[in-house]
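These notes are about the structure you will find just below.
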Amino acid sequence: MNAMDPTEVFRQEASELFEVLEGALLDLGQRPDDRELVDSAFRALHTIKGSGAMFGFDKVASFTHEFETAFDRVRKGEIKPTQELISVALAAKDYIRALIEDPQSTDDIIGEAILDDLRRFVSSDQPAAPVVAIAEAPPLAPAESKQAGWHLYLEFESHILRNGSNPLDLLEDLCKLGPCFVVPVTDGIPFLDEMEPEDCYLKWDVKLHAACGKDAIDDVFMFVSDEMKLTLSPLEQVEAPAPMPLFQLLDEEPEPVAEIPAPVLEAVAVPVAAQPVAKAEPRSEPEPKHEAKHEPKPEAKSEAKRDERGIATVRVQAERLDELMDRVGELVIAQARLSQLAASGSDLSIKIIAEEIERLASSLRDTTMGARMVPIGSLFGRFRRLVHDLSRDLSKPVEFVTSGEDTELDKTMIECLADPLVHLIRNAIDHGIEDTATRAANGKSEQGRIELAAVHSGAQVLVTVKDNGGGLNTARIRAKAEEQGLIAAGAVLSDHEIHQFLFHPGFSTAQTISALSGRGVGMDVVKRTIENMRGSIDLTTRPGQGTTVTLRLPLTLAIIEGLLIRVGEGRYIIPLSAVEECVELTAEDERSRGRNFLNVRGNLVPFLRLRELLTASGTPDKHQKTIIISTGETRVGLVADQIIGNHQTVIKSLSKLHSDVTIFSGATILGDGTAALILDVAQLVTLAQSKVEKQHISEAA
Amino acid sequence: MNEGLAAQQQTGAMQVVMIGLGEEKFALDAGLVREIIDPVPVTKVAGARAFVPSVINVRGNVIPLADLRIRFGMPQPDNSADTRVVVIELELDGEPVLVGVTADKVYEVTEISQTDVQQTPRVGMHWKPEFIRFIAKWREEFVIVPNMERILN
């Protein structure tokens with residue numbers, strides 16, 4: 001399709017692997033005994049090493065190798081992953097990331113220091129133990145680097161042929177190192193009717209008469225080292241009997257799933273790293289009775305890989321999805337025009353086709369939107385590191401709980417959400433959670449708690465950040481607001497209104513400015529970002545018990561369901577999510593110019609005449625309609641000439657030249673090809689409120 | 001933009017689209033013009049600034065429709081058979097923006113010579129001088145090369 005820079009592919013892949021690795025490491029801090037986490041961290045490391053070497057990131061490969069080596073003892077269960085070890089491991093991970101993303105900025109000294117730290121931690125309890133070599137090459141070939149040759153015993157995993165690796169090529173490469181005497185080992189070959197034609201059953205016994213180093217041999221098998229057993233011994237020694245075949249062939253038989261080069265998929269398919277290994281666990285149980293000899297580690301690993309292969313994912317560039325969405329948007333518009341045309345004519349067959357296309361277009365739209373949906377968990381994962389680091393820096397122990405990770409949101413929204421959530425979580429830890437002493441004094445658990453949750457609610461997604469800290473100090477916010485001249489001293493305001501000042505640019509109640517927060521930039525940015533996404537933000541707080549910030553977000557940015565209305569000549573769209581009900585404006589309400597209130601089942605609802613607001617020309621329709629809209633707690637009626645009906649709307653943003661117009665949030669294209677504007681409900685409500693207030697003032701005067 | 005101007009001044013010629021607004025002729029830099037279309041139904045934007053009163057649909061994009069005649073204090077007659085919309089692409093605050101411009105008539109794509117550039121006179125003009133890049137002579141007529149960025153900001 002296109003020639004993507006392979007290095008770029010590696011970078012992308014690596015960045016996903018880093019997420020897996022980081023997640024696993026952080027989890028490991030919580031559950032040090034979880035073997036699956038260790039394994040998943042190890043797998044991620046191993047893949048980074050392998051593909052790093054493949055794409056010429058030699059430094060990455062060698063550093064990761066050292067990291068892996070050090071970590072191997074954790075994997076073998078010889079030492080426990082302590083908090084300190086996790087911290088160093090995280091630092092090591094950051095270093096690898098730097099090596100990949102910006103090699104110039106890194107310094108070998110840093111890497112060495114990290115490795116020293118790592119080695120110190122892993123060997124601290126057993127100072128005598130040497131740093132263990134990697135598993136697949138038992139350290140049989142030590143001191144003598146020059147010798148007569150090597151004795152190799154090669155055993156490939158049976159599925160190696162399906163990966164496109166050819167053992168014969170490898171043997172040929174081996175022969176280039178020097179004269180070889182190769183004997184195939186035919187022990188494990190089954191009967192013809194049991195044989196899988198795509199499996200590799202042969203093993204090889206090779207005597208290599210060359211004075212080459214062990215590295216040269218390892219190089220030959222570099223790309224397949226995961227999928228084979230290589231036993232290496234210097235030739236002068238008395239030839240050890242060949243090790244027993246490690247895999248019973250029957251083990252491999254029931255695995256019909258085709259091999260896919262695993263590394264990439266591994267990362268994509270395993271956002272929650274621990275899961276697949278958990279699934280693999282029961283399956284590896286019957287293993288020991290076949291063969292007691294081999295260590296369980298590679299076994300469990302290959303088992304896990306096999307499970308992941310079931311999930312088929314394709315990596316697609318994000319821009320392509322955006323393009324696809326644009327095309328679908330245009331298709332929806334064109335389809336609306338077709339439907340309108342068909343409805344006005346009398347040709348039955350055209351009507352049938354129009355309906356067919358309508359159905360197809362809408363299902364295509366849903367599919368496309370679905371393809372753009374990403375579980376929010378990918379975002380939540382990032383914050384665990386943030387919380388980990390912050391809680392360490394501020395020495396406030398914090399438990400970080402997430403829920404609803406599989407709630408799906410449009411991918412652009414996920415990207416936009418990252419920064420606001422960072423702000424909110426920082427605030428929660430820095431301002432929300434009290435220090436340990438205060439917490440103890442108030443009879444709270446020493447460890448603070450931050451909950452990050454996402455949940456679907458109708459056509460919206462609610463993302464909440466909840467802490468169990470001290471809550472907002474309403475009096476202090478008020479004092480600060482008075483000090484900054486935002487409110488008059490002594491003005492009567494509800495707590496809710498006072499809390500809104502937190503979203504005011506440059507507003508900060510922090511007594512000292514810390515590195516983290518207190519500069520007063522942040523909350524206003526959060527609010528703006530969320531509102532740009534057509535979302536809203538709610539704040540609730542209970543003194544002494546904590547604060548909850550709720551972000552209400554639409555499911556997608558691209559398409560909304562709208563109510564199409566007519567005001568004078570112009571047609572406008574009101575987002576359906578905001579519409580509560582439609583009522584007819586009674587003649588009495590119509591006549592009254594003094595009061596702009598409706599009586600809706602005993603409740604007072606102010607209304608706005610859209611004709612005035614939108615400066616419509618011509619005479620108003622006889623029976624005016626009122627659409628009651630709501631945002632949060634406020635309800636407002638909008639008076640229009642006609643309600644046309646539902647309309648699916650592809651949102652087009654208004655250009656810069658109209659950025660000063662606030663009552664419209666965007667535009668769309670109607671069936672007849674004309675543009676229609678989308679009313680910004682929140683802005684209209686604000687407008688209504690200010691009008692009501694003005695009215696109150698004039699009444700009072 | 002400015003580099004382009006410098007380059008043009010060196011070569012001495014500039015490709016323009018000649019449009020008529022009211023009694024005057026304006027020369028739009030041909031490099032800005034994306035397409036010229038027949039008038040389409042417009043959608044009024046309540047509360048917008050007077051010189052960008054509406055939006056139009058151009059190939060699935062909703063773009064603002066600017067009326068230079070308002071900026072130059074000219075009357076705005078109804079659309080005639082000659083009326084066209086010239087779609088131009090501008091850089092506003094570093095972002096490319098498509099804008100439609102109503103023209104009472106579109107004459108031709110032509111070249112004007114930089115050697116014929118006249119200094120914008122300080123007196124005798126009721127237009128804001130910053131709206132005008134320069135005035136050039138074309139077939140014994142004076143044509144105005146407007147500064148679109150200024151006009152639309």
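Residue numbering restarts at 1 in every chain; chains get A, B, ... in the order shown in the structure tokens, and ligands count up from 1 in that same order.
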Residue list for chain A near chain B as a PyMOL selection string, 6 Å, only C-alpha atoms: chain A and resi 614+661+675
Contacts of Trp127 of chain B within 10 Å, only C-alpha atoms, excl. fewer than 6 positions in-chain, as a list in words: Arg71, Phe72 and Gly73 of chain B
Pull C-alpha atoms from the residues just selected and write them as a PDB file, in the first residue's frame.
```pdb
ATOM      1  CA  ARG B  71     -15.547  46.745   3.309  1.00  0.00           C
ATOM      2  CA  PHE B  72     -15.222  49.273   0.500  1.00  0.00           C
ATOM      3  CA  GLY B  73     -18.486  51.012   1.276  1.00  0.00           C
TER       4      GLY B  73
END
```
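Taking only C-alpha atoms into account, Glu141 of chain B lies nearest to B:Ile112 out of the set B:Ile37, B:Ile112, B:Met14, B:Ser80.
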Fewer than 4 positions away in the same chain doesn't count, so skip those; otherwise give me all residues within 9 Å of Val106 of chain B, counting only C-alpha atoms, as a PDB file with C-alpha atoms, in the first residue's frame.
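Below you can see selection.pdb, which holds the result:
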```pdb
ATOM      1  CA  VAL B  17      -7.997  37.270 -11.631  1.00  0.00           C
ATOM      2  CA  MET B  18      -9.744  40.460 -12.566  1.00  0.00           C
ATOM      3  CA  ILE B  19     -13.086  40.938 -10.818  1.00  0.00           C
ATOM      4  CA  GLY B  20     -15.564  43.758 -10.776  1.00  0.00           C
ATOM      5  CA  ILE B  36     -14.900  30.356  -9.309  1.00  0.00           C
ATOM      6  CA  ASP B  82     -22.832  38.012 -13.921  1.00  0.00           C
ATOM      7  CA  THR B  83     -22.472  37.455 -10.207  1.00  0.00           C
ATOM      8  CA  ARG B  84     -19.911  34.822  -9.204  1.00  0.00           C
ATOM      9  CA  VAL B  85     -18.341  33.530  -6.045  1.00  0.00           C
ATOM     10  CA  VAL B  86     -14.549  33.438  -6.112  1.00  0.00           C
TER      11      VAL B  86
END
```
Set the distance at 10 Å and use only C-alpha atoms: which residues neighbour Leu26 of chain A once local chain neighbours fewer than 4 positions away are removed? I'd like the list as a PDB file with C-alpha atoms, in the first residue's frame.
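around_16.pdb, written as the output of this step:
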```
ATOM      1  CA  VAL A  20       2.567  -2.646  28.277  1.00  0.00           C
ATOM      2  CA  LEU A  21       5.893  -2.709  30.057  1.00  0.00           C
ATOM      3  CA  GLU A  22       5.123   0.294  32.175  1.00  0.00           C
ATOM      4  CA  GLN A  30       1.129  -3.500  43.744  1.00  0.00           C
ATOM      5  CA  ARG A  31       1.186  -7.250  43.375  1.00  0.00           C
ATOM      6  CA  PRO A  32       4.794  -8.356  43.608  1.00  0.00           C
ATOM      7  CA  LEU A  37       2.983  -9.572  35.268  1.00  0.00           C
ATOM      8  CA  GLN A  83       9.431  -0.681  45.044  1.00  0.00           C
ATOM      9  CA  ILE A  86      10.408  -1.021  40.116  1.00  0.00           C
ATOM     10  CA  SER A  87      11.551   2.578  40.200  1.00  0.00           C
ATOM     11  CA  ALA A  89      13.157  -0.487  36.102  1.00  0.00           C
ATOM     12  CA  LEU A  90      10.915   2.419  35.171  1.00  0.00           C
ATOM     13  CA  GLY A 381      -2.808   3.444  31.718  1.00  0.00           C
ATOM     14  CA  ARG A 384      -0.726   5.262  36.604  1.00  0.00           C
ATOM     15  CA  ARG A 385       2.820   6.359  36.088  1.00  0.00           C
ATOM     16  CA  HIS A 388       3.091   6.699  40.979  1.00  0.00           C
TER      17      HIS A 388
END
```
Every residue of segment 343-552 of chain A that DSSP places in helix (DSSP H, G or I), as a ChimeraX atom specification: /A:343-344,348-372,377-393,411-432,436-441,474-483,495-503,523-532
